[in-house]
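Structure file query_31.pdb with PDB, C-alpha atoms and all ligand atoms:
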```pdb
ATOM      1  CA  MET E   1     104.212  76.782 127.367
ATOM      2  CA  SER E   2     107.182  74.450 127.230
ATOM      3  CA  VAL E   3     110.752  74.968 126.048
ATOM      4  CA  LEU E   4     111.027  73.888 122.422
ATOM      5  CA  LEU E   5     114.536  75.038 121.666
ATOM      6  CA  ASP E   6     117.369  75.071 124.161
ATOM      7  CA  ILE E   7     120.470  76.951 123.014
ATOM      8  CA  SER E   8     122.712  75.839 125.809
ATOM      9  CA  HIS E   9     125.893  77.668 126.798
ATOM     10  CA  ILE E  10     127.324  77.964 123.300
ATOM     11  CA  ASP E  11     130.870  79.030 122.527
ATOM     12  CA  MET E  12     131.944  79.378 118.929
ATOM     13  CA  GLU E  13     135.538  79.656 117.817
ATOM     14  CA  PHE E  14     136.663  80.002 114.224
ATOM     15  CA  PRO E  15     140.147  79.006 113.137
ATOM     16  CA  THR E  16     141.951  81.938 111.480
ATOM     17  CA  PRO E  17     145.526  82.351 110.208
ATOM     18  CA  ARG E  18     146.225  84.328 113.414
ATOM     19  CA  GLY E  19     144.869  81.628 115.706
ATOM     20  CA  ASN E  20     141.373  80.891 116.930
ATOM     21  CA  PHE E  21     138.858  83.722 116.928
ATOM     22  CA  THR E  22     136.174  83.479 119.627
ATOM     23  CA  ALA E  23     132.974  84.761 118.047
ATOM     24  CA  LEU E  24     130.536  83.665 120.772
ATOM     25  CA  ARG E  25     130.985  83.041 124.475
ATOM     26  CA  ASP E  26     128.354  81.338 126.605
ATOM     27  CA  VAL E  27     125.240  82.162 124.597
ATOM     28  CA  ASP E  28     122.359  80.627 126.524
ATOM     29  CA  LEU E  29     118.730  80.969 125.474
ATOM     30  CA  LYS E  30     115.555  78.924 125.956
ATOM     31  CA  ILE E  31     112.770  79.456 123.438
ATOM     32  CA  GLN E  32     109.158  78.419 123.993
ATOM     33  CA  GLN E  33     106.863  76.821 121.477
ATOM     34  CA  GLY E  34     105.136  79.563 119.464
ATOM     35  CA  GLU E  35     107.488  82.346 120.540
ATOM     36  CA  PHE E  36     108.765  85.050 118.195
ATOM     37  CA  VAL E  37     112.302  85.952 119.217
ATOM     38  CA  SER E  38     114.448  88.605 117.519
ATOM     39  CA  LEU E  39     118.227  88.811 117.722
ATOM     40  CA  ILE E  40     119.595  92.312 117.475
ATOM     41  CA  GLY E  41     123.130  93.654 117.797
ATOM     42  CA  HIS E  42     125.813  95.511 115.908
ATOM     43  CA  SER E  43     127.190  94.203 112.650
ATOM     44  CA  GLY E  44     129.635  91.356 113.189
ATOM     45  CA  CYS E  45     128.606  90.618 116.786
ATOM     46  CA  GLY E  46     127.629  87.029 116.028
ATOM     47  CA  LYS E  47     123.894  86.924 115.269
ATOM     48  CA  SER E  48     124.265  84.860 112.095
ATOM     49  CA  THR E  49     126.660  82.559 113.883
ATOM     50  CA  VAL E  50     124.000  81.821 116.514
ATOM     51  CA  LEU E  51     121.448  81.151 113.770
ATOM     52  CA  ASN E  52     123.858  78.951 111.834
ATOM     53  CA  VAL E  53     124.540  76.853 114.937
ATOM     54  CA  VAL E  54     120.785  76.391 115.455
ATOM     55  CA  ALA E  55     120.405  75.573 111.738
ATOM     56  CA  GLY E  56     123.096  72.909 112.143
ATOM     57  CA  LEU E  57     125.338  74.599 109.580
ATOM     58  CA  TYR E  58     127.986  75.205 112.275
ATOM     59  CA  GLN E  59     128.867  72.983 115.220
ATOM     60  CA  ALA E  60     129.418  74.945 118.451
ATOM     61  CA  THR E  61     132.866  74.612 119.986
ATOM     62  CA  ARG E  62     131.266  74.215 123.403
ATOM     63  CA  GLY E  63     127.667  73.714 124.472
ATOM     64  CA  GLY E  64     124.939  72.703 122.060
ATOM     65  CA  VAL E  65     121.388  73.028 120.818
ATOM     66  CA  ILE E  66     118.491  70.782 121.806
ATOM     67  CA  LEU E  67     115.319  70.936 119.743
ATOM     68  CA  ASN E  68     112.327  69.117 121.166
ATOM     69  CA  GLY E  69     114.577  66.856 123.236
ATOM     70  CA  ARG E  70     116.980  66.016 120.398
ATOM     71  CA  GLU E  71     120.459  67.406 119.915
ATOM     72  CA  VAL E  72     121.036  69.357 116.690
ATOM     73  CA  THR E  73     124.068  67.958 114.869
ATOM     74  CA  GLU E  74     123.310  68.776 111.225
ATOM     75  CA  PRO E  75     120.843  70.755 109.095
ATOM     76  CA  GLY E  76     117.310  69.396 108.894
ATOM     77  CA  PRO E  77     113.904  70.348 107.511
ATOM     78  CA  GLU E  78     112.478  70.816 111.024
ATOM     79  CA  ARG E  79     114.618  74.021 111.078
ATOM     80  CA  ALA E  80     113.858  75.890 107.862
ATOM     81  CA  VAL E  81     115.981  78.929 107.136
ATOM     82  CA  VAL E  82     115.092  82.085 105.211
ATOM     83  CA  PHE E  83     118.009  84.376 104.389
ATOM     84  CA  GLN E  84     118.089  87.968 103.219
ATOM     85  CA  ASN E  85     118.369  87.039  99.582
ATOM     86  CA  HIS E  86     116.046  84.425  98.236
ATOM     87  CA  SER E  87     117.580  81.344  96.633
ATOM     88  CA  LEU E  88     114.811  80.314  94.284
ATOM     89  CA  LEU E  89     115.858  78.217  91.340
ATOM     90  CA  PRO E  90     115.460  80.612  88.403
ATOM     91  CA  TRP E  91     114.275  77.993  85.891
ATOM     92  CA  LEU E  92     111.396  76.821  88.127
ATOM     93  CA  THR E  93     108.112  78.617  88.761
ATOM     94  CA  ALA E  94     107.130  79.769  92.250
ATOM     95  CA  TYR E  95     104.914  76.664  92.517
ATOM     96  CA  GLU E  96     107.743  74.355  91.426
ATOM     97  CA  ASN E  97     110.212  75.948  93.844
ATOM     98  CA  VAL E  98     107.877  75.211  96.747
ATOM     99  CA  GLU E  99     107.115  71.782  95.306
ATOM    100  CA  LEU E 100     110.784  70.827  95.422
ATOM    101  CA  ALA E 101     110.923  71.314  99.187
ATOM    102  CA  VAL E 102     107.510  69.705  99.739
ATOM    103  CA  ARG E 103     108.579  66.586  97.832
ATOM    104  CA  GLN E 104     111.707  66.290  99.986
ATOM    105  CA  VAL E 105     109.751  66.442 103.210
ATOM    106  CA  PHE E 106     106.390  64.889 102.329
ATOM    107  CA  GLY E 107     107.227  62.827  99.215
ATOM    108  CA  LYS E 108     106.527  59.601 101.071
ATOM    109  CA  SER E 109     103.673  60.648 103.319
ATOM    110  CA  LYS E 110     101.385  62.764 101.075
ATOM    111  CA  SER E 111      99.656  61.789  97.825
ATOM    112  CA  LYS E 112     100.180  63.908  94.689
ATOM    113  CA  ALA E 113      96.803  65.613  95.190
ATOM    114  CA  GLU E 114      97.587  66.307  98.866
ATOM    115  CA  MET E 115     100.945  67.775  97.916
ATOM    116  CA  ARG E 116      99.353  70.017  95.286
ATOM    117  CA  ALA E 117      96.781  71.285  97.786
ATOM    118  CA  TRP E 118      99.515  71.857 100.384
ATOM    119  CA  ILE E 119     101.735  73.826  97.973
ATOM    120  CA  GLU E 120      98.783  75.979  96.895
ATOM    121  CA  HIS E 121      97.773  76.544 100.511
ATOM    122  CA  ASN E 122     101.238  77.793 101.451
ATOM    123  CA  LEU E 123     101.484  80.074  98.429
ATOM    124  CA  ALA E 124      98.058  81.452  99.352
ATOM    125  CA  LEU E 125      99.291  82.147 102.902
ATOM    126  CA  VAL E 126     101.889  84.550 101.508
ATOM    127  CA  HIS E 127      99.425  85.997  98.954
ATOM    128  CA  MET E 128     101.170  84.501  95.949
ATOM    129  CA  SER E 129      98.353  82.426  94.419
ATOM    130  CA  HIS E 130      98.003  84.825  91.510
ATOM    131  CA  ALA E 131     101.643  84.490  90.468
ATOM    132  CA  MET E 132     102.425  80.904  91.359
ATOM    133  CA  HIS E 133     103.192  79.912  87.776
ATOM    134  CA  LYS E 134     105.665  82.724  87.254
ATOM    135  CA  ARG E 135     109.429  82.273  87.378
ATOM    136  CA  PRO E 136     111.640  84.317  89.769
ATOM    137  CA  GLY E 137     112.770  86.560  86.891
ATOM    138  CA  GLU E 138     109.150  87.619  86.320
ATOM    139  CA  ILE E 139     108.320  88.692  89.899
ATOM    140  CA  SER E 140     109.490  91.466  92.262
ATOM    141  CA  GLY E 141     112.013  91.122  95.105
ATOM    142  CA  GLY E 142     109.243  91.127  97.712
ATOM    143  CA  MET E 143     107.342  88.437  95.823
ATOM    144  CA  LYS E 144     110.459  86.283  95.591
ATOM    145  CA  GLN E 145     110.950  86.617  99.324
ATOM    146  CA  ARG E 146     107.292  85.586  99.815
ATOM    147  CA  VAL E 147     107.927  82.445  97.810
ATOM    148  CA  GLY E 148     111.010  81.735  99.947
ATOM    149  CA  ILE E 149     108.866  82.075 103.066
ATOM    150  CA  ALA E 150     106.141  79.857 101.556
ATOM    151  CA  ARG E 151     108.771  77.252 100.793
ATOM    152  CA  ALA E 152     110.053  77.378 104.378
ATOM    153  CA  LEU E 153     106.526  77.242 105.860
ATOM    154  CA  ALA E 154     105.534  74.373 103.564
ATOM    155  CA  MET E 155     108.122  72.179 105.257
ATOM    156  CA  GLN E 156     106.193  72.625 108.511
ATOM    157  CA  PRO E 157     109.381  73.322 110.431
ATOM    158  CA  GLN E 158     109.396  73.230 114.204
ATOM    159  CA  VAL E 159     111.428  76.429 114.091
ATOM    160  CA  LEU E 160     111.624  79.044 111.372
ATOM    161  CA  LEU E 161     115.024  80.745 111.280
ATOM    162  CA  MET E 162     115.108  84.086 109.502
ATOM    163  CA  ASP E 163     118.332  86.002 108.852
ATOM    164  CA  GLU E 164     117.321  89.573 108.001
ATOM    165  CA  PRO E 165     114.552  88.259 105.756
ATOM    166  CA  PHE E 166     113.307  91.716 104.769
ATOM    167  CA  GLY E 167     116.656  93.535 104.790
ATOM    168  CA  ALA E 168     116.867  93.842 101.003
ATOM    169  CA  LEU E 169     113.320  95.170 100.529
ATOM    170  CA  ASP E 170     112.088  98.742 100.193
ATOM    171  CA  ALA E 171     110.301 100.222 103.216
ATOM    172  CA  LEU E 172     106.736  99.730 101.931
ATOM    173  CA  THR E 173     107.254  96.143 100.809
ATOM    174  CA  ARG E 174     108.998  95.463 104.070
ATOM    175  CA  ALA E 175     105.993  96.745 106.037
ATOM    176  CA  HIS E 176     103.649  94.512 104.001
ATOM    177  CA  MET E 177     105.889  91.516 104.627
ATOM    178  CA  GLN E 178     106.010  92.213 108.359
ATOM    179  CA  ASP E 179     102.212  92.398 108.472
ATOM    180  CA  SER E 180     101.923  89.134 106.501
ATOM    181  CA  LEU E 181     104.360  87.425 108.830
ATOM    182  CA  MET E 182     102.362  88.560 111.879
ATOM    183  CA  GLU E 183      99.154  87.214 110.284
ATOM    184  CA  ILE E 184     100.772  83.882 109.447
ATOM    185  CA  GLN E 185     102.243  83.540 112.896
ATOM    186  CA  ALA E 186      98.900  84.342 114.515
ATOM    187  CA  GLU E 187      97.330  81.564 112.454
ATOM    188  CA  LEU E 188     100.039  78.897 112.670
ATOM    189  CA  ARG E 189     101.728  79.774 115.976
ATOM    190  CA  ASN E 190     105.171  79.187 114.428
ATOM    191  CA  THR E 191     108.240  79.408 116.594
ATOM    192  CA  ILE E 192     110.460  81.988 114.930
ATOM    193  CA  ILE E 193     113.965  83.324 115.489
ATOM    194  CA  MET E 194     114.651  86.379 113.377
ATOM    195  CA  ILE E 195     117.796  88.450 113.009
ATOM    196  CA  THR E 196     117.169  92.097 112.339
ATOM    197  CA  HIS E 197     119.001  95.421 112.431
ATOM    198  CA  ASP E 198     115.725  97.282 112.527
ATOM    199  CA  VAL E 199     114.607  98.290 116.027
ATOM    200  CA  ASP E 200     111.006  99.023 114.938
ATOM    201  CA  GLU E 201     110.755  95.667 113.228
ATOM    202  CA  ALA E 202     112.050  93.925 116.355
ATOM    203  CA  VAL E 203     109.539  95.633 118.656
ATOM    204  CA  LEU E 204     106.623  95.205 116.250
ATOM    205  CA  LEU E 205     107.117  91.485 115.677
ATOM    206  CA  SER E 206     108.721  90.022 118.767
ATOM    207  CA  ASP E 207     107.663  88.451 122.018
ATOM    208  CA  ARG E 208     111.258  88.835 123.166
ATOM    209  CA  ILE E 209     114.183  90.835 121.830
ATOM    210  CA  VAL E 210     117.583  89.333 122.519
ATOM    211  CA  MET E 211     120.243  92.045 122.501
ATOM    212  CA  MET E 212     123.782  90.901 121.866
ATOM    213  CA  THR E 213     126.981  92.522 123.078
ATOM    214  CA  ASN E 214     129.762  93.344 120.632
ATOM    215  CA  GLY E 215     132.303  90.703 119.750
ATOM    216  CA  PRO E 216     134.772  89.177 120.031
ATOM    217  CA  ALA E 217     133.315  86.723 122.533
ATOM    218  CA  ALA E 218     129.857  88.195 122.043
ATOM    219  CA  THR E 219     127.085  87.073 124.322
ATOM    220  CA  ILE E 220     123.538  87.967 125.291
ATOM    221  CA  GLY E 221     123.595  91.369 126.969
ATOM    222  CA  GLU E 222     119.924  91.817 127.752
ATOM    223  CA  ILE E 223     116.573  90.263 126.904
ATOM    224  CA  LEU E 224     113.524  92.492 126.560
ATOM    225  CA  SER E 225     110.033  90.985 126.840
ATOM    226  CA  VAL E 226     107.639  92.857 124.555
ATOM    227  CA  GLU E 227     104.255  92.701 126.187
ATOM    228  CA  LEU E 228     102.188  94.498 123.567
ATOM    229  CA  GLU E 229      98.798  92.977 122.799
ATOM    230  CA  ARG E 230      98.330  91.089 119.543
ATOM    231  CA  PRO E 231      97.220  91.625 116.856
ATOM    232  CA  ARG E 232      99.560  94.598 116.585
ATOM    233  CA  ASP E 233      98.866  97.531 114.356
ATOM    234  CA  ARG E 234     101.870  99.578 113.262
ATOM    235  CA  LEU E 235      99.932 102.830 112.962
ATOM    236  CA  ALA E 236      98.303 102.536 116.385
ATOM    237  CA  LEU E 237     101.646 101.599 117.948
ATOM    238  CA  ALA E 238     103.335 104.753 116.700
ATOM    239  CA  ASP E 239     101.520 106.693 119.451
ATOM    240  CA  ASN E 240     101.687 103.957 122.062
ATOM    241  CA  PRO E 241     103.939 105.040 124.980
ATOM    242  CA  GLN E 242     104.785 101.445 125.883
ATOM    243  CA  TYR E 243     105.900 100.752 122.307
ATOM    244  CA  ASN E 244     108.077 103.831 122.347
ATOM    245  CA  GLN E 245     109.560 102.828 125.666
ATOM    246  CA  TYR E 246     110.539  99.388 124.318
ATOM    247  CA  ARG E 247     112.032 101.072 121.288
ATOM    248  CA  ALA E 248     114.045 103.454 123.469
ATOM    249  CA  GLN E 249     115.304 100.565 125.606
ATOM    250  CA  VAL E 250     116.710  98.754 122.564
ATOM    251  CA  LEU E 251     118.210 101.955 121.140
ATOM    252  CA  LYS E 252     119.861 102.721 124.470
ATOM    253  CA  PHE E 253     121.360  99.261 124.618
ATOM    254  CA  LEU E 254     122.739  99.558 121.092
ATOM    255  CA  HIS E 255     123.877 103.157 121.087
ATOM    256  CA  GLU E 256     124.753 103.978 124.688
ATOM    257  CA  ARG E 257     125.754 100.845 126.521
ATOM    258  CA  HIS E 258     127.141  98.853 123.567
ATOM    259  CA  SER E 259     127.928 101.435 120.934
ATOM    260  CA  LYS E 260     130.453 100.455 118.312
ATOM    261  CA  PRO E 261     132.776 102.631 116.274
ATOM    262  CA  ASP E 262     132.508 102.151 112.523
ATOM    263  CA  VAL E 263     134.670  99.279 111.357
ATOM    264  CA  PRO E 264     135.819  98.401 107.878
ATOM    265  CA  VAL E 265     133.465  95.945 106.235
ATOM    266  CA  LYS E 266     134.822  92.836 104.593
ATOM    267  CA  LYS E 267     133.390  89.731 102.991
ATOM    268  CA  LYS E 268     133.065  86.641 105.146
ATOM    269  CA  ALA E 269     134.172  83.272 103.789
ATOM    270  CA  ALA E 270     132.417  80.078 104.904
ATOM    271  CA  PRO E 271     134.755  77.931 106.996
ATOM    272  CA  ALA E 272     135.931  74.669 105.513
ATOM    273  CA  SER E 273     134.201  72.831 108.360
ATOM    274  CA  ALA E 274     130.759  74.315 107.693
ATOM    275  CA  HIS E 275     128.130  72.047 106.148
ATOM    276  CA  ALA E 276     127.143  72.849 102.581
ATOM    277  CA  THR E 277     123.945  74.934 102.423
ATOM    278  CA  PRO E 278     121.159  72.370 102.019
ATOM    279  CA  ALA E 279     118.024  72.594  99.921
ATOM    280  CA  TRP E 280     115.856  73.611 102.867
ATOM    281  CA  THR E 281     117.694  76.872 103.359
ATOM    282  CA  SER E 282     116.576  79.886 101.403
ATOM    283  CA  GLY E 283     119.081  82.501 100.253
ATOM    284  CA  HIS E 284     122.765  82.529 101.109
ATOM    285  CA  THR E 285     124.897  83.081 104.183
ATOM    286  CA  ALA E 286     127.786  84.977 102.618
ATOM    287  CA  LYS E 287     127.398  88.649 103.346
ATOM    288  CA  ALA E 288     129.510  91.555 104.465
ATOM    289  CA  VAL E 289     130.293  91.655 108.160
ATOM    290  CA  GLY E 290     132.433  93.823 110.352
ATOM    291  CA  ASP E 291     135.354  91.560 111.140
ATOM    292  CA  ALA E 292     136.463  91.834 114.714
ATOM    293  CA  ALA E 293     139.071  89.101 114.303
TER     294      ALA E 293
HETATM  295  N1  LIG E 301     133.399  81.312 108.918
HETATM  296  C1  LIG E 301     133.992  82.217 109.651
HETATM  297  N2  LIG E 301     135.326  82.204 109.834
HETATM  298  C2  LIG E 301     135.946  83.140 110.595
HETATM  299  N3  LIG E 301     135.275  84.136 111.234
HETATM  300  C3  LIG E 301     133.947  84.172 111.079
HETATM  301  C4  LIG E 301     133.234  83.228 110.279
HETATM  302  N4  LIG E 301     131.902  83.534 110.332
HETATM  303  C5  LIG E 301     131.803  84.620 111.107
HETATM  304  N5  LIG E 301     133.031  84.997 111.548
HETATM  305  C6  LIG E 301     133.313  86.141 112.434
HETATM  306  O1  LIG E 301     132.484  85.988 113.588
HETATM  307  C7  LIG E 301     131.954  87.244 113.988
HETATM  308  C8  LIG E 301     130.445  87.161 113.989
HETATM  309  O2  LIG E 301     129.972  87.072 112.630
HETATM  310  P1  LIG E 301     128.418  86.997 112.293
HETATM  311  O3  LIG E 301     128.288  86.886 110.823
HETATM  312  O4  LIG E 301     127.791  85.951 113.116
HETATM  313  O5  LIG E 301     127.925  88.429 112.778
HETATM  314  P2  LIG E 301     126.519  89.141 112.581
HETATM  315  O6  LIG E 301     126.158  89.751 113.892
HETATM  316  O7  LIG E 301     125.550  88.220 111.965
HETATM  317  O8  LIG E 301     126.908  90.272 111.532
HETATM  318  P3  LIG E 301     125.991  91.099 110.494
HETATM  319  O9  LIG E 301     124.960  91.798 111.313
HETATM  320  O10 LIG E 301     126.939  92.043 109.833
HETATM  321  O11 LIG E 301     125.411  90.096 109.550
HETATM  322  C9  LIG E 301     132.520  88.272 113.002
HETATM  323  O12 LIG E 301     133.657  88.871 113.571
HETATM  324  C10 LIG E 301     132.885  87.456 111.799
HETATM  325  O13 LIG E 301     133.941  88.046 111.069
END
```

Turn the structure described in the file into structure tokens.
Amino acid sequence: MSVLLDISHIDMEFPTPRGNFTALRDVDLKIQQGEFVSLIGHSGCGKSTVLNVVAGLYQATRGGVILNGREVTEPGPERAVVFQNHSLLPWLTAYENVELAVRQVFGKSKSKAEMRAWIEHNLALVHMSHAMHKRPGEISGGMKQRVGIARALAMQPQVLLMDEPFGALDALTRAHMQDSLMEIQAELRNTIIMITHDVDEAVLLSDRIVMMTNGPAATIGEILSVELERPRDRLALADNPQYNQYRAQVLKFLHERHSKPDVPVKKKAAPASAHATPAWTSGHTAKAVGDAA
């Protein structure tokens, strides 16, 4: 396997009224084609910042990102993003929401019939064929998130970036979505970077778990390779000693070596320099974070 994505020695500083705040220091990570990588760490450590730099929404202060030999300087459809909260257009059906993205990417290269087949194929992948003509207001939260994932997949991105994609879902729906994502990844061999706070989710889904230290100047503390056979079955894994050992390793990192006292939570504002969220991102970036600044 070859390196698809090279996150090379990234520093990220944000200007604040009290001077520059260093969110990331020397984050360095090489990701292979077809790998599933999770980022885990305490709230406010800088996971979303890493993802936003890869998405091209932020420019790193130092270092950079190379995708397939080309430097990332702005957002692009080869890096589709799925955020925690879907951002479907409420007046369009599920089909039309996916169609919008497909037209942007394939409007010139696919015929109308090819586009229709492609949209239907991607909605089928996330088990949404039965509800593709419904509007977001008529479907559940999990279904909306499925449509967001279908929309991202339909762009055939080289990398799928997921920022807590299942964080807003109830436990059962979340488990279904995790299973669907594993099935899709087994079929398409997508390269995925996913932020999660959920240790079980990280171990279940990942090839590698990247554990981040607390900020300011957060960096990669440890990387755990998860060598559990695929396909993975959540019920069978519950009694698997290796699974439980991986789980314990991540918990130890988070709660012993890099524990964090509770901090007040405040809303994060997008910096003036950040690019506007483009149509190929799903959901929104503004969410509560522990502010270490
Ligand atoms: N636009 C910004 N301007 C100033 N500071 C920012 C900005 N975006 C993030 N930060 C700060 O950078 C640090 C990392 O934030 P980030 O959102 O990347 O953390 P996170 O690990 O994704 O958090 P969470 O798990 O809560 O989503 C935090 O201290 C945050 O307050």

Run the PyMOL selection byres (((chain E and resi 121-129) around 12) and not hetatm) mentally over the shown coordinates, then write out the matched residues as a ChimeraX atom specification, using the chain letters and numbers from the document. /E:93-99,101-102,114-120,130-134,139-140,142-156,176-188

With 8 Å of padding per side, what axis-aligned box (centre and edge lengths, Å, one decimal) covers all the listed atoms of ligand LIG 301 (chain E)? Give it as lines of an AutoDock Vina configuration file.
```
center_x = 130.5
center_y = 86.7
center_z = 111.5
size_x = 27.0
size_y = 26.7
size_z = 21.1
```

Near-E:Ala80 list (8 Å; all atoms listed in the file; drop same-chain fewer than 3 positions) as a PyMOL selection string: chain E and resi 55+76-77+152-153+155+157+159-161+280-281

Tell me which residues the PyMOL selection byres (((chain E and resi 16-25) around 9) and not hetatm) grabs here, as a list in words. His9, Ile10, Asp11, Met12, Glu13, Phe14, Pro15, Asp26, Val27, Gly44, Cys45, Gly46, Thr49, Val50, Arg62, Gly215, Pro216, Ala217, Ala218, Thr219, Ile220, Ala292 and Ala293 of chain E

Let's have the selection written as a compact mmCIF listing (two decimals), keeping the file's coordinate frame, with C-alpha atoms.
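Output file selection_39.txt is given in full below:
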```
# COMPACT_ATOMS: atom_id res chain seq x y z
CA HIS E 9 125.89 77.67 126.80
CA ILE E 10 127.32 77.96 123.30
CA ASP E 11 130.87 79.03 122.53
CA MET E 12 131.94 79.38 118.93
CA GLU E 13 135.54 79.66 117.82
CA PHE E 14 136.66 80.00 114.22
CA PRO E 15 140.15 79.01 113.14
CA ASP E 26 128.35 81.34 126.60
CA VAL E 27 125.24 82.16 124.60
CA GLY E 44 129.64 91.36 113.19
CA CYS E 45 128.61 90.62 116.79
CA GLY E 46 127.63 87.03 116.03
CA THR E 49 126.66 82.56 113.88
CA VAL E 50 124.00 81.82 116.51
CA ARG E 62 131.27 74.22 123.40
CA GLY E 215 132.30 90.70 119.75
CA PRO E 216 134.77 89.18 120.03
CA ALA E 217 133.32 86.72 122.53
CA ALA E 218 129.86 88.20 122.04
CA THR E 219 127.08 87.07 124.32
CA ILE E 220 123.54 87.97 125.29
CA ALA E 292 136.46 91.83 114.71
CA ALA E 293 139.07 89.10 114.30
```

What is the atom CA of E:Asn214 to atom CA of E:Leu29 distance in Å?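 Going from atom CA of E:Asn214 over to atom CA of E:Leu29, I get 17.3 Å.
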
Mind giving me the straight-line distance from atom CA of E:Ala238 to atom CA of E:Ser38 in Å, one decimal?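 Calculated distance between atom CA of E:Ala238 and atom CA of E:Ser38 is 19.6 Å.
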
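When the PyMOL selection byres (((chain E and resi 37) around 7) and not hetatm) is run on the displayed coordinates, the residues it returns are E:Glu35, E:Phe36, E:Ser38, E:Leu39, E:Ile192, E:Ile193, E:Met194, E:Ser206, E:Asp207, E:Arg208, E:Ile209.
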
With C-alpha atoms retained, write the just-selected residues as a compact mmCIF listing (two decimals), in the frame of the given file.
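result_35.txt, written as the output of this step:
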```txt
# COMPACT_ATOMS: atom_id res chain seq x y z
CA GLU E 35 107.49 82.35 120.54
CA PHE E 36 108.76 85.05 118.20
CA SER E 38 114.45 88.60 117.52
CA LEU E 39 118.23 88.81 117.72
CA ILE E 192 110.46 81.99 114.93
CA ILE E 193 113.96 83.32 115.49
CA MET E 194 114.65 86.38 113.38
CA SER E 206 108.72 90.02 118.77
CA ASP E 207 107.66 88.45 122.02
CA ARG E 208 111.26 88.84 123.17
CA ILE E 209 114.18 90.84 121.83
```

Taking only C-alpha atoms into account, name the residue in E:Pro231, E:Gln158, E:Asn52, E:Val65 that is nearest to E:Ile7.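 For E:Ile7, the nearest of the given residues is E:Val65.
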
Top pick for closest residue to ligand LIG 301 (chain E), considering E:Arg135, E:His197, E:Ser225, E:Ala236 and counting all atoms listed in the file: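 Smallest separation from ligand LIG 301 (chain E) among the options: E:His197.
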
Work out how far atom CA of E:Gln32 is from atom CA of E:Pro241, in Å to one decimal.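 Calculated distance between atom CA of E:Pro241 and atom CA of E:Gln32 is 27.1 Å.
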
Selected residue of minimal separation from ligand LIG 301 (chain E) among E:Arg103, E:Ser87, E:Leu204, E:Thr213, counting only C-alpha atoms and all ligand atoms: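 With only C-alpha atoms and all ligand atoms as the atom set, the closest residue is E:Thr213.
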
Given all atoms listed in the file as the basis, pick out the residue of E:Gly34, E:Gly69, E:Gly41, E:Gly63 nearest to E:Thr196.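 Looking only at the distances to E:Thr196, the closest residue turns out to be E:Gly41.
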
Could you check the closest approach to ligand LIG 301 (chain E) for each of E:Leu92, E:Leu224, E:Ile31, E:Ile195 and tell me which residue wins, using all atoms listed in the file?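 Distance minimum relative to ligand LIG 301 (chain E) lands on E:Ile195.
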
Spatial neighbours of E:Arg257, max dist 10 Å, only C-alpha atoms, sep filter under 5 positions, as a PyMOL selection string: chain E and resi 213+221+251-252

For E:Gln249, list every protein, DNA or RNA residue within 12 Å, evaluated using all atoms listed in the file, and leave out those in the same chain fewer than 4 positions away; present the list as a ChimeraX atom specification. /E:199-200,202-203,209-211,222-226,242-245,253-257
